[in-house]
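So this block is protein09.tsv, TSV, C-alpha atoms (C1' of nucleotides):
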```
chain	number	residue	atom	x	y	z
E	1	MET	CA	68.71	121.13	108.11
E	2	PRO	CA	68.24	124.81	107.34
E	3	GLU	CA	66.88	125.27	103.89
E	4	PHE	CA	68.87	128.23	102.71
E	5	LEU	CA	72.22	127.28	104.20
E	6	ASP	CA	71.88	123.82	102.75
E	7	LEU	CA	71.00	125.06	99.29
E	8	HIS	CA	73.65	127.72	99.35
E	9	GLY	CA	76.24	125.17	100.38
E	10	LYS	CA	75.36	122.84	97.56
E	11	THR	CA	75.32	125.64	95.03
E	12	SER	CA	78.62	126.82	96.32
E	13	LYS	CA	80.17	123.42	95.91
E	14	ALA	CA	78.80	123.04	92.40
E	15	LEU	CA	80.04	126.45	91.33
E	16	ARG	CA	83.39	125.72	92.90
E	17	ALA	CA	83.73	122.49	90.97
E	18	LEU	CA	82.67	124.24	87.80
E	19	ALA	CA	85.19	127.03	88.27
E	20	ASP	CA	87.87	124.50	89.07
E	21	GLY	CA	87.33	122.70	85.82
E	22	ALA	CA	87.22	125.95	83.88
E	23	MET	CA	90.46	127.23	85.35
E	24	ARG	CA	92.14	123.87	84.97
E	25	ARG	CA	91.58	124.19	81.24
E	26	HIS	CA	93.94	127.14	81.36
E	27	GLY	CA	96.50	125.46	83.58
E	28	LEU	CA	95.39	127.29	86.70
E	29	HIS	CA	94.25	126.00	90.05
E	30	LEU	CA	91.11	127.17	91.74
E	31	GLY	CA	91.59	130.60	93.27
E	32	GLN	CA	94.71	131.51	91.37
E	33	ASN	CA	92.61	133.45	88.90
E	34	HIS	CA	91.64	135.81	91.69
E	35	LEU	CA	95.25	136.50	92.53
E	36	LEU	CA	95.96	137.09	88.87
E	37	ALA	CA	92.94	139.36	88.60
E	38	ALA	CA	94.34	141.50	91.37
E	39	LEU	CA	97.55	141.86	89.40
E	40	TRP	CA	95.78	142.43	86.10
E	41	GLU	CA	94.03	145.31	87.73
E	42	GLN	CA	97.29	146.68	89.06
E	43	ASP	CA	100.63	145.01	88.61
E	44	GLY	CA	103.28	145.01	91.31
E	45	ARG	CA	101.06	144.83	94.36
E	46	THR	CA	102.26	143.41	97.64
E	47	PRO	CA	100.99	140.17	99.20
E	48	GLY	CA	99.29	142.13	101.95
E	49	GLU	CA	97.44	144.35	99.51
E	50	ILE	CA	96.35	141.39	97.46
E	51	ALA	CA	95.21	139.49	100.50
E	52	ALA	CA	93.06	142.44	101.56
E	53	ALA	CA	91.62	142.76	98.06
E	54	LEU	CA	90.73	139.07	97.91
E	55	ASN	CA	89.44	138.81	101.45
E	56	VAL	CA	91.95	136.14	102.37
E	57	THR	CA	94.88	136.10	104.78
E	58	THR	CA	98.42	136.99	103.86
E	59	PRO	CA	99.85	133.45	104.21
E	60	THR	CA	97.32	132.25	101.68
E	61	VAL	CA	98.60	134.73	99.13
E	62	VAL	CA	102.21	133.94	99.99
E	63	LYS	CA	101.81	130.23	99.44
E	64	MET	CA	99.82	130.69	96.29
E	65	ALA	CA	102.33	133.19	94.96
E	66	THR	CA	105.16	130.75	95.60
E	67	ARG	CA	103.46	128.08	93.54
E	68	MET	CA	102.53	130.51	90.81
E	69	ALA	CA	106.09	131.82	90.69
E	70	THR	CA	107.28	128.24	90.24
E	71	ALA	CA	104.70	127.85	87.50
E	72	GLY	CA	106.10	130.93	85.79
E	73	LEU	CA	103.03	133.11	86.14
E	74	LEU	CA	104.63	135.82	88.22
E	75	THR	CA	107.87	136.88	89.87
E	76	ARG	CA	108.73	138.07	93.36
E	77	ARG	CA	110.86	141.15	93.89
E	78	ARG	CA	111.57	143.21	96.97
E	79	ASP	CA	110.55	146.83	96.97
E	80	ASP	CA	113.48	149.20	96.38
E	81	ARG	CA	112.51	151.77	98.96
E	82	ASP	CA	110.96	149.61	101.68
E	83	ASN	CA	112.83	146.41	102.10
E	84	ARG	CA	110.07	144.83	104.13
E	85	LEU	CA	107.77	144.85	101.16
E	86	VAL	CA	107.66	142.30	98.41
E	87	ARG	CA	105.98	143.06	95.13
E	88	LEU	CA	104.51	140.52	92.76
E	89	TRP	CA	104.94	141.13	89.06
E	90	LEU	CA	103.19	139.34	86.25
E	91	THR	CA	105.23	137.48	83.68
E	92	ASP	CA	104.19	137.41	80.05
E	93	ALA	CA	102.58	134.05	80.70
E	94	GLY	CA	100.56	135.51	83.54
E	95	ARG	CA	99.49	138.49	81.46
E	96	ALA	CA	98.56	136.29	78.53
E	97	LEU	CA	95.94	134.50	80.58
E	98	GLN	CA	93.89	137.60	81.26
E	99	GLU	CA	91.77	137.61	78.14
E	100	PRO	CA	90.93	133.90	77.95
E	101	VAL	CA	90.38	133.50	81.66
E	102	GLU	CA	88.09	136.50	81.93
E	103	ALA	CA	86.14	135.28	78.93
E	104	GLU	CA	85.78	131.89	80.54
E	105	ARG	CA	84.52	133.47	83.69
E	106	TRP	CA	81.90	135.53	81.90
E	107	ALA	CA	80.79	132.50	79.95
E	108	MET	CA	80.38	130.60	83.18
E	109	GLU	CA	78.26	133.36	84.66
E	110	ASP	CA	76.09	133.37	81.55
E	111	HIS	CA	75.58	129.62	81.58
E	112	VAL	CA	74.77	129.52	85.24
E	113	LEU	CA	72.24	132.34	85.05
E	114	ALA	CA	70.78	131.25	81.74
E	115	ASP	CA	67.48	130.08	83.23
E	116	LEU	CA	66.83	133.32	85.10
E	117	THR	CA	64.94	136.32	83.78
E	118	PRO	CA	66.55	139.73	84.19
E	119	ALA	CA	64.11	140.44	86.98
E	120	GLU	CA	65.03	137.23	88.75
E	121	ARG	CA	68.70	138.04	88.42
E	122	ALA	CA	68.20	141.45	89.94
E	123	LEU	CA	66.26	140.01	92.86
E	124	LEU	CA	68.84	137.31	93.36
E	125	LEU	CA	71.65	139.84	93.50
E	126	ALA	CA	69.71	142.07	95.87
E	127	ALA	CA	68.85	139.22	98.18
E	128	LEU	CA	72.36	137.83	98.17
E	129	THR	CA	73.70	141.27	98.93
E	130	LYS	CA	71.53	141.44	102.01
E	131	VAL	CA	72.65	138.02	103.12
E	132	HIS	CA	76.25	138.98	102.57
E	133	ARG	CA	75.87	142.14	104.59
E	134	ALA	CA	74.12	140.33	107.41
E	135	ALA	CA	76.81	137.66	107.53
E	136	THR	CA	79.57	140.25	107.49
E	137	ASN	CA	77.92	142.14	110.31
E	138	LEU	CA	77.62	139.02	112.39
E	139	LEU	CA	81.27	138.32	111.80
E	140	THR	CA	82.56	141.67	112.93
E	141	ALA	CA	80.04	142.20	115.72
E	142	PRO	CA	79.15	138.92	117.42
E	143	ALA	CA	77.72	140.88	120.32
E	144	ASP	CA	74.10	139.72	120.31
E	145	THR	CA	74.14	135.94	119.88
Q	146	MET	CA	84.61	140.47	87.08
Q	147	PRO	CA	81.26	138.77	86.78
Q	148	GLU	CA	78.77	140.27	89.16
Q	149	PHE	CA	76.99	137.21	90.41
Q	150	LEU	CA	79.97	134.92	90.74
Q	151	ASP	CA	81.83	137.60	92.61
Q	152	LEU	CA	78.98	138.26	95.00
Q	153	HIS	CA	78.28	134.61	95.50
Q	154	GLY	CA	81.92	133.97	96.27
Q	155	LYS	CA	82.07	136.69	98.87
Q	156	THR	CA	78.84	135.57	100.47
Q	157	SER	CA	80.09	132.04	100.48
Q	158	LYS	CA	83.26	133.05	102.25
Q	159	ALA	CA	81.39	135.08	104.84
Q	160	LEU	CA	78.94	132.28	105.56
Q	161	ARG	CA	81.79	129.85	105.78
Q	162	ALA	CA	83.60	131.98	108.33
Q	163	LEU	CA	80.38	132.42	110.27
Q	164	ALA	CA	79.69	128.69	110.33
Q	165	ASP	CA	83.27	128.02	111.32
Q	166	GLY	CA	82.96	130.24	114.35
Q	167	ALA	CA	79.62	128.77	115.29
Q	168	MET	CA	80.86	125.19	115.10
Q	169	ARG	CA	84.06	126.06	116.90
Q	170	ARG	CA	81.95	127.09	119.86
Q	171	HIS	CA	80.91	123.47	120.12
Q	172	GLY	CA	84.36	122.06	119.65
Q	173	LEU	CA	83.79	121.13	116.03
Q	174	HIS	CA	85.64	122.05	112.90
Q	175	LEU	CA	83.93	123.33	109.80
Q	176	GLY	CA	82.22	120.54	107.92
Q	177	GLN	CA	82.25	118.03	110.73
Q	178	ASN	CA	78.69	118.98	111.57
Q	179	HIS	CA	77.64	117.66	108.19
Q	180	LEU	CA	79.23	114.31	108.85
Q	181	LEU	CA	77.56	114.21	112.25
Q	182	ALA	CA	74.24	115.18	110.69
Q	183	ALA	CA	74.49	112.19	108.39
Q	184	LEU	CA	74.94	109.95	111.41
Q	185	TRP	CA	72.24	111.68	113.42
Q	186	GLU	CA	69.89	110.86	110.61
Q	187	GLN	CA	71.02	107.26	110.56
Q	188	ASP	CA	73.76	105.84	112.73
Q	189	GLY	CA	76.17	103.23	111.49
Q	190	ARG	CA	76.53	104.39	107.91
Q	191	THR	CA	79.60	103.63	105.83
Q	192	PRO	CA	82.10	106.25	104.63
Q	193	GLY	CA	80.95	105.76	101.08
Q	194	GLU	CA	77.31	106.32	101.93
Q	195	ILE	CA	78.14	109.41	103.92
Q	196	ALA	CA	80.33	110.78	101.18
Q	197	ALA	CA	77.50	110.39	98.69
Q	198	ALA	CA	75.06	112.05	101.08
Q	199	LEU	CA	77.36	115.01	101.65
Q	200	ASN	CA	78.43	115.37	98.03
Q	201	VAL	CA	82.08	114.92	98.88
Q	202	THR	CA	84.58	112.20	98.02
Q	203	THR	CA	85.23	109.15	100.14
Q	204	PRO	CA	88.76	110.13	101.20
Q	205	THR	CA	87.39	113.36	102.62
Q	206	VAL	CA	85.04	111.42	104.86
Q	207	VAL	CA	87.75	108.96	105.83
Q	208	LYS	CA	90.15	111.67	106.95
Q	209	MET	CA	87.47	113.59	108.79
Q	210	ALA	CA	86.25	110.43	110.47
Q	211	THR	CA	89.76	109.63	111.64
Q	212	ARG	CA	90.08	113.01	113.31
Q	213	MET	CA	86.61	112.81	114.79
Q	214	ALA	CA	87.32	109.34	116.12
Q	215	THR	CA	90.43	110.71	117.80
Q	216	ALA	CA	88.29	113.50	119.19
Q	217	GLY	CA	85.92	110.92	120.60
Q	218	LEU	CA	82.90	111.85	118.51
Q	219	LEU	CA	82.52	108.51	116.77
Q	220	THR	CA	83.99	105.03	116.47
Q	221	ARG	CA	85.00	102.90	113.52
Q	222	ARG	CA	83.94	99.30	113.28
Q	223	ARG	CA	84.04	96.84	110.44
Q	224	ASP	CA	80.80	95.37	109.24
Q	225	ASP	CA	80.21	91.83	110.48
Q	226	ARG	CA	78.84	90.43	107.27
Q	227	ASP	CA	80.88	92.29	104.68
Q	228	ASN	CA	84.44	92.78	105.78
Q	229	ARG	CA	85.12	95.43	103.16
Q	230	LEU	CA	82.68	97.78	104.79
Q	231	VAL	CA	83.40	100.04	107.71
Q	232	ARG	CA	80.61	101.56	109.71
Q	233	LEU	CA	80.81	104.75	111.71
Q	234	TRP	CA	78.99	104.85	115.03
Q	235	LEU	CA	78.28	107.89	117.13
Q	236	THR	CA	79.60	108.05	120.64
Q	237	ASP	CA	77.57	109.67	123.41
Q	238	ALA	CA	79.63	112.80	122.87
Q	239	GLY	CA	78.74	112.84	119.20
Q	240	ARG	CA	75.08	112.27	119.92
Q	241	ALA	CA	75.03	114.96	122.58
Q	242	LEU	CA	75.97	117.61	120.04
Q	243	GLN	CA	72.90	117.13	117.88
Q	244	GLU	CA	70.52	119.40	119.71
Q	245	PRO	CA	72.85	122.37	120.33
Q	246	VAL	CA	74.48	122.21	116.92
Q	247	GLU	CA	71.19	122.06	115.05
Q	248	ALA	CA	69.89	124.94	117.11
Q	249	GLU	CA	72.97	126.95	116.29
Q	250	ARG	CA	72.51	126.25	112.63
Q	251	TRP	CA	68.89	127.38	112.63
Q	252	ALA	CA	69.84	130.51	114.51
Q	253	MET	CA	72.46	131.27	111.93
Q	254	GLU	CA	69.97	130.86	109.12
Q	255	ASP	CA	67.57	133.18	110.92
Q	256	HIS	CA	70.17	135.86	111.49
Q	257	VAL	CA	71.43	135.73	107.97
Q	258	LEU	CA	67.97	135.97	106.43
Q	259	ALA	CA	66.68	138.51	108.95
Q	260	ASP	CA	66.59	141.39	106.48
Q	261	LEU	CA	64.62	139.50	103.86
Q	262	THR	CA	60.86	139.39	103.55
Q	263	PRO	CA	59.21	135.99	103.13
Q	264	ALA	CA	58.68	136.81	99.49
Q	265	GLU	CA	62.32	137.67	99.03
Q	266	ARG	CA	63.36	134.46	100.72
Q	267	ALA	CA	61.17	132.43	98.43
Q	268	LEU	CA	62.57	134.14	95.36
Q	269	LEU	CA	66.09	133.72	96.60
Q	270	LEU	CA	65.59	130.01	97.12
Q	271	ALA	CA	63.95	129.60	93.74
Q	272	ALA	CA	66.70	131.49	91.95
Q	273	LEU	CA	69.47	129.67	93.78
Q	274	THR	CA	67.84	126.38	92.93
Q	275	LYS	CA	67.94	127.27	89.25
Q	276	VAL	CA	71.57	128.26	89.50
Q	277	HIS	CA	72.38	125.05	91.30
Q	278	ARG	CA	70.63	122.98	88.69
Q	279	ALA	CA	72.37	124.80	85.86
Q	280	ALA	CA	75.77	124.35	87.49
Q	281	THR	CA	75.14	120.67	88.13
Q	282	ASN	CA	74.08	120.15	84.55
Q	283	LEU	CA	77.21	121.84	83.28
Q	284	LEU	CA	79.27	119.62	85.52
Q	285	THR	CA	77.84	116.35	84.33
Q	286	ALA	CA	77.38	117.33	80.70
Q	287	PRO	CA	80.14	119.67	79.53
Q	288	ALA	CA	79.16	118.98	75.94
Q	289	ASP	CA	78.17	122.43	74.74
Q	290	THR	CA	80.74	124.81	76.20
D	291	DG	C1'	121.42	159.04	117.26
D	292	DC	C1'	119.41	155.12	119.32
D	293	DC	C1'	116.14	151.86	120.85
D	294	DG	C1'	111.53	150.12	121.18
D	295	DA	C1'	107.18	149.53	118.74
D	296	DA	C1'	104.74	148.77	114.63
D	297	DT	C1'	104.60	146.69	110.05
D	298	DC	C1'	105.31	143.19	106.80
D	299	DG	C1'	106.43	138.75	104.68
D	300	DC	C1'	107.30	134.10	105.70
D	301	DT	C1'	107.20	129.39	107.97
D	302	DA	C1'	104.76	125.79	110.53
D	303	DG	C1'	100.99	123.15	111.12
D	304	DA	C1'	96.03	122.07	111.00
D	305	DC	C1'	91.74	121.25	108.32
D	306	DG	C1'	88.50	120.41	104.36
D	307	DG	C1'	88.54	119.09	99.71
D	308	DC	C1'	90.19	116.58	95.46
D	309	DT	C1'	92.63	112.91	92.38
D	310	DA	C1'	95.38	108.84	91.87
D	311	DA	C1'	96.96	104.61	93.29
D	312	DC	C1'	96.89	100.65	96.39
D	313	DG	C1'	95.23	96.64	99.18
D	314	DT	C1'	91.69	93.84	100.61
D	315	DC	C1'	87.51	91.52	100.45
D	316	DT	C1'	83.16	89.66	97.70
D	317	DC	C1'	81.14	87.54	94.35
D	318	DC	C1'	80.15	85.70	90.04
D	319	DA	C1'	81.51	83.26	85.71
D	320	DG	C1'	83.52	79.57	83.78
Y	321	DC	C1'	86.07	75.50	92.75
Y	322	DT	C1'	88.89	78.78	91.34
Y	323	DG	C1'	90.34	83.05	89.39
Y	324	DG	C1'	89.36	87.51	87.82
Y	325	DA	C1'	86.45	91.57	88.08
Y	326	DG	C1'	84.28	94.81	90.91
Y	327	DA	C1'	83.41	97.31	95.22
Y	328	DC	C1'	85.35	99.55	99.43
Y	329	DG	C1'	88.26	101.80	102.52
Y	330	DT	C1'	92.74	103.70	102.99
Y	331	DT	C1'	97.07	106.17	101.95
Y	332	DA	C1'	99.74	109.70	99.60
Y	333	DG	C1'	100.10	114.01	97.88
Y	334	DC	C1'	98.35	118.37	96.18
Y	335	DC	C1'	95.80	122.99	96.74
Y	336	DG	C1'	93.34	126.77	99.27
Y	337	DT	C1'	92.42	128.48	103.69
Y	338	DC	C1'	93.11	129.68	108.48
Y	339	DT	C1'	95.72	130.78	113.03
Y	340	DA	C1'	100.17	131.28	115.54
Y	341	DG	C1'	104.57	132.58	115.85
Y	342	DC	C1'	109.13	134.14	113.87
Y	343	DG	C1'	112.45	137.30	111.55
Y	344	DA	C1'	113.59	141.33	109.37
Y	345	DT	C1'	112.88	146.13	108.38
Y	346	DT	C1'	111.17	150.77	109.11
Y	347	DC	C1'	109.90	154.57	111.83
Y	348	DG	C1'	108.88	157.52	115.76
Y	349	DG	C1'	109.94	159.26	120.42
Y	350	DC	C1'	113.28	160.48	123.49
```
Could you render the structure as structure tokens?
Amino acid sequence: MPEFLDLHGKTSKALRALADGAMRRHGLHLGQNHLLAALWEQDGRTPGEIAAALNVTTPTVVKMATRMATAGLLTRRRDDRDNRLVRLWLTDAGRALQEPVEAERWAMEDHVLADLTPAERALLLAALTKVHRAATNLLTAPADT
Amino acid sequence: MPEFLDLHGKTSKALRALADGAMRRHGLHLGQNHLLAALWEQDGRTPGEIAAALNVTTPTVVKMATRMATAGLLTRRRDDRDNRLVRLWLTDAGRALQEPVEAERWAMEDHVLADLTPAERALLLAALTKVHRAATNLLTAPADT
DNA sequence: GCCGAATCGCTAGACGGCTAACGTCTCCAG
DNA sequence: CTGGAGACGTTAGCCGTCTAGCGATTCGGC
């Protein structure tokens, strides 16, 4: 079993579980914070825009938005000028989560990186960036294999 | 948006997509290779054992096993001595995938780490290990927060 | 001015993952 | 020897994610 892939997978799962618990404390499900973040950055975006920003597909955003609308975090409204478009708008409840959720996220990053020196953190980021780029390249250009 | 968590998330997603494509080439779905790996290591394990080995819950293994049994990769059989237990046994088809799938996985690791020097790889592994340990600790002991 | 092509959101359905609840089987204490 | 506690697998139902296919709207070429 490949060393790095195995370790990365485990780390990924642990971080996922950690984030899940953290978000659950604020009444959110895993991943919904990302959708909210996209709206915090700019309210009234369309599902397609958000999907592109989050690197997920449009149906994922649509489903999530439906649940979050039910939960009262945002509202759906069609664009006035282009009736194909739908825009998602934060409710007060959705806006109110920004500060605590972002704080939680930063705290999580701090805790998780607590044992690393600044130098180690820099190397980790650099290495992960390379891995990310390599993976992305392989995804878009599976020509060699 | 926290730097490391963000980067790790993106990398995770890219690696996931890459693995998905790779496994799909062998007729597997994402994650099924892990279940198979557990059986390649030792055939006839129980869902509970496998779940513990893969760091997932038992229902996850049960569902996956049901689909894989339908796909002809393994068979379910109750334990002779303890009728509560169920043991999963590889079929020839499931066994036949070991060599190509493991090769694919190693190739993927190689491609993804291609741009890193041995030193960088070592540091990456060390740093990720620390992160993993920190995350695991926070999961089992959320006492400080 | 109209009709086809492109764009966009949505639904349907599959899969991996989790929690909660249930049913069955073992096994030990009394 | 019997009954309750514990251990297991399974089912049900949710969420995030993906691919495929549908419906509606807009826009450009003729």
- Could you jot down the C1' of DG326 (chain Y) to CA of Val207 (chain Q) separation for me, Å, one decimal place? 20.9 Å
Show me a table, sorted first by chain and then by increasing residue number, of the residues of chain D having an atom at most 10 Å from chain E, each with its shortest atom pair and the distance in Å to one decimal, counting all atoms listed in the file and written as a Markdown table.
```
| residue | atom | partner | partner_atom | distance |
| --- | --- | --- | --- | --- |
| D:DT297 | C1' | E:Arg84 | CA | 8.3 |
| D:DC298 | C1' | E:Arg84 | CA | 5.7 |
| D:DG299 | C1' | E:Arg84 | CA | 7.1 |
| D:DC300 | C1' | E:Pro59 | CA | 7.6 |
| D:DT301 | C1' | E:Pro59 | CA | 9.2 |
| D:DC308 | C1' | E:Ala17 | CA | 9.8 |
```
- When the cut-off is 9 Å and we count all atoms listed in the file, which residues of chain Y are near chain Q, given as a PyMOL selection string? chain Y and resi 327-330
- Give as a list in words each residue that has an atom at most 9 Å from (93.6, 113.7, 95.2) in the file, counting only C-alpha atoms (C1' of nucleotides). Pro204 of chain Q; DG307, DC308, DT309 and DA310 of chain D; DA332, DG333 and DC334 of chain Y
- Task: Identify which of the residues E:Ala141, E:Ala93, E:Leu74, E:Leu116 lies closest to chain Q, counting all atoms listed in the file when measuring atom-to-atom distances.
- Result: E:Leu116
- Nearest-residue call for chain Q, choices E:Asn55, E:Thr11, E:Gln42, E:Thr70, using only C-alpha atoms: E:Thr11
Please identify every residue of chain E that has at least one atom no farther than 8 Å from an atom of chain Q, counting all atoms listed in the file, and for each give the shortest atom pair and the distance in Å to one decimal, arranged by chain then increasing number, as CSV.
```
residue,atom,partner,partner_atom,distance
E:Met1,CA,Q:Glu247,CA,7.4
E:Pro2,CA,Q:Trp251,CA,5.9
E:Phe4,CA,Q:Leu270,CA,6.7
E:Leu5,CA,Q:Glu254,CA,6.5
E:Leu7,CA,Q:Thr274,CA,7.2
E:His8,CA,Q:Leu273,CA,7.2
E:Gly9,CA,Q:Ser157,CA,7.9
E:Lys10,CA,Q:His277,CA,7.3
E:Thr11,CA,Q:His277,CA,4.8
E:Ser12,CA,Q:Ser157,CA,6.8
E:Ala14,CA,Q:Ala280,CA,5.9
E:Leu15,CA,Q:Ala280,CA,6.1
E:Ala17,CA,Q:Leu284,CA,7.6
E:Leu18,CA,Q:Leu284,CA,6.2
E:Glu102,CA,Q:Met146,CA,7.4
E:Arg105,CA,Q:Pro147,CA,6.9
E:Trp106,CA,Q:Pro147,CA,5.9
E:Glu109,CA,Q:Leu150,CA,6.5
E:His111,CA,Q:Ala279,CA,7.2
E:Val112,CA,Q:Ala279,CA,5.3
E:Leu113,CA,Q:Val276,CA,6.1
E:Ala114,CA,Q:Ala279,CA,7.8
E:Asp115,CA,Q:Lys275,CA,6.7
E:Leu116,CA,Q:Ala272,CA,7.1
E:Glu120,CA,Q:Ala272,CA,6.8
E:Arg121,CA,Q:Ala272,CA,7.7
E:Leu123,CA,Q:Leu269,CA,7.3
E:Leu124,CA,Q:Leu269,CA,5.6
E:Leu125,CA,Q:Phe149,CA,6.7
E:Ala127,CA,Q:Leu269,CA,6.4
E:Leu128,CA,Q:Thr156,CA,7.2
E:Thr129,CA,Q:Leu152,CA,7.2
E:Lys130,CA,Q:Asp260,CA,6.7
E:Val131,CA,Q:Val257,CA,5.5
E:His132,CA,Q:Thr156,CA,4.8
E:Ala134,CA,Q:Val257,CA,5.4
E:Ala135,CA,Q:Val257,CA,5.7
E:Thr136,CA,Q:Ala159,CA,6.1
E:Leu138,CA,Q:Leu163,CA,7.5
E:Leu139,CA,Q:Leu163,CA,6.2
```
- Figure out the distance between CA of His174 (chain Q) and CA of Pro245 (chain Q), please, to one decimal in Å. 14.8 Å
- Message: Please report the interatomic distance between CA of Arg240 (chain Q) and CA of Ala198 (chain Q) in Å with one decimal.
- Response: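 Between CA of Arg240 (chain Q) and CA of Ala198 (chain Q) the gap is 18.8 Å.
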- Message: Neighbouring residues of DG323 (chain Y) were defined as those with any atom within 12 Å, considering all atoms listed in the file; residues of the same chain fewer than 2 positions away were excluded. Please report them as a ChimeraX atom specification.
- Response: /D:317-320 /Y:321,325
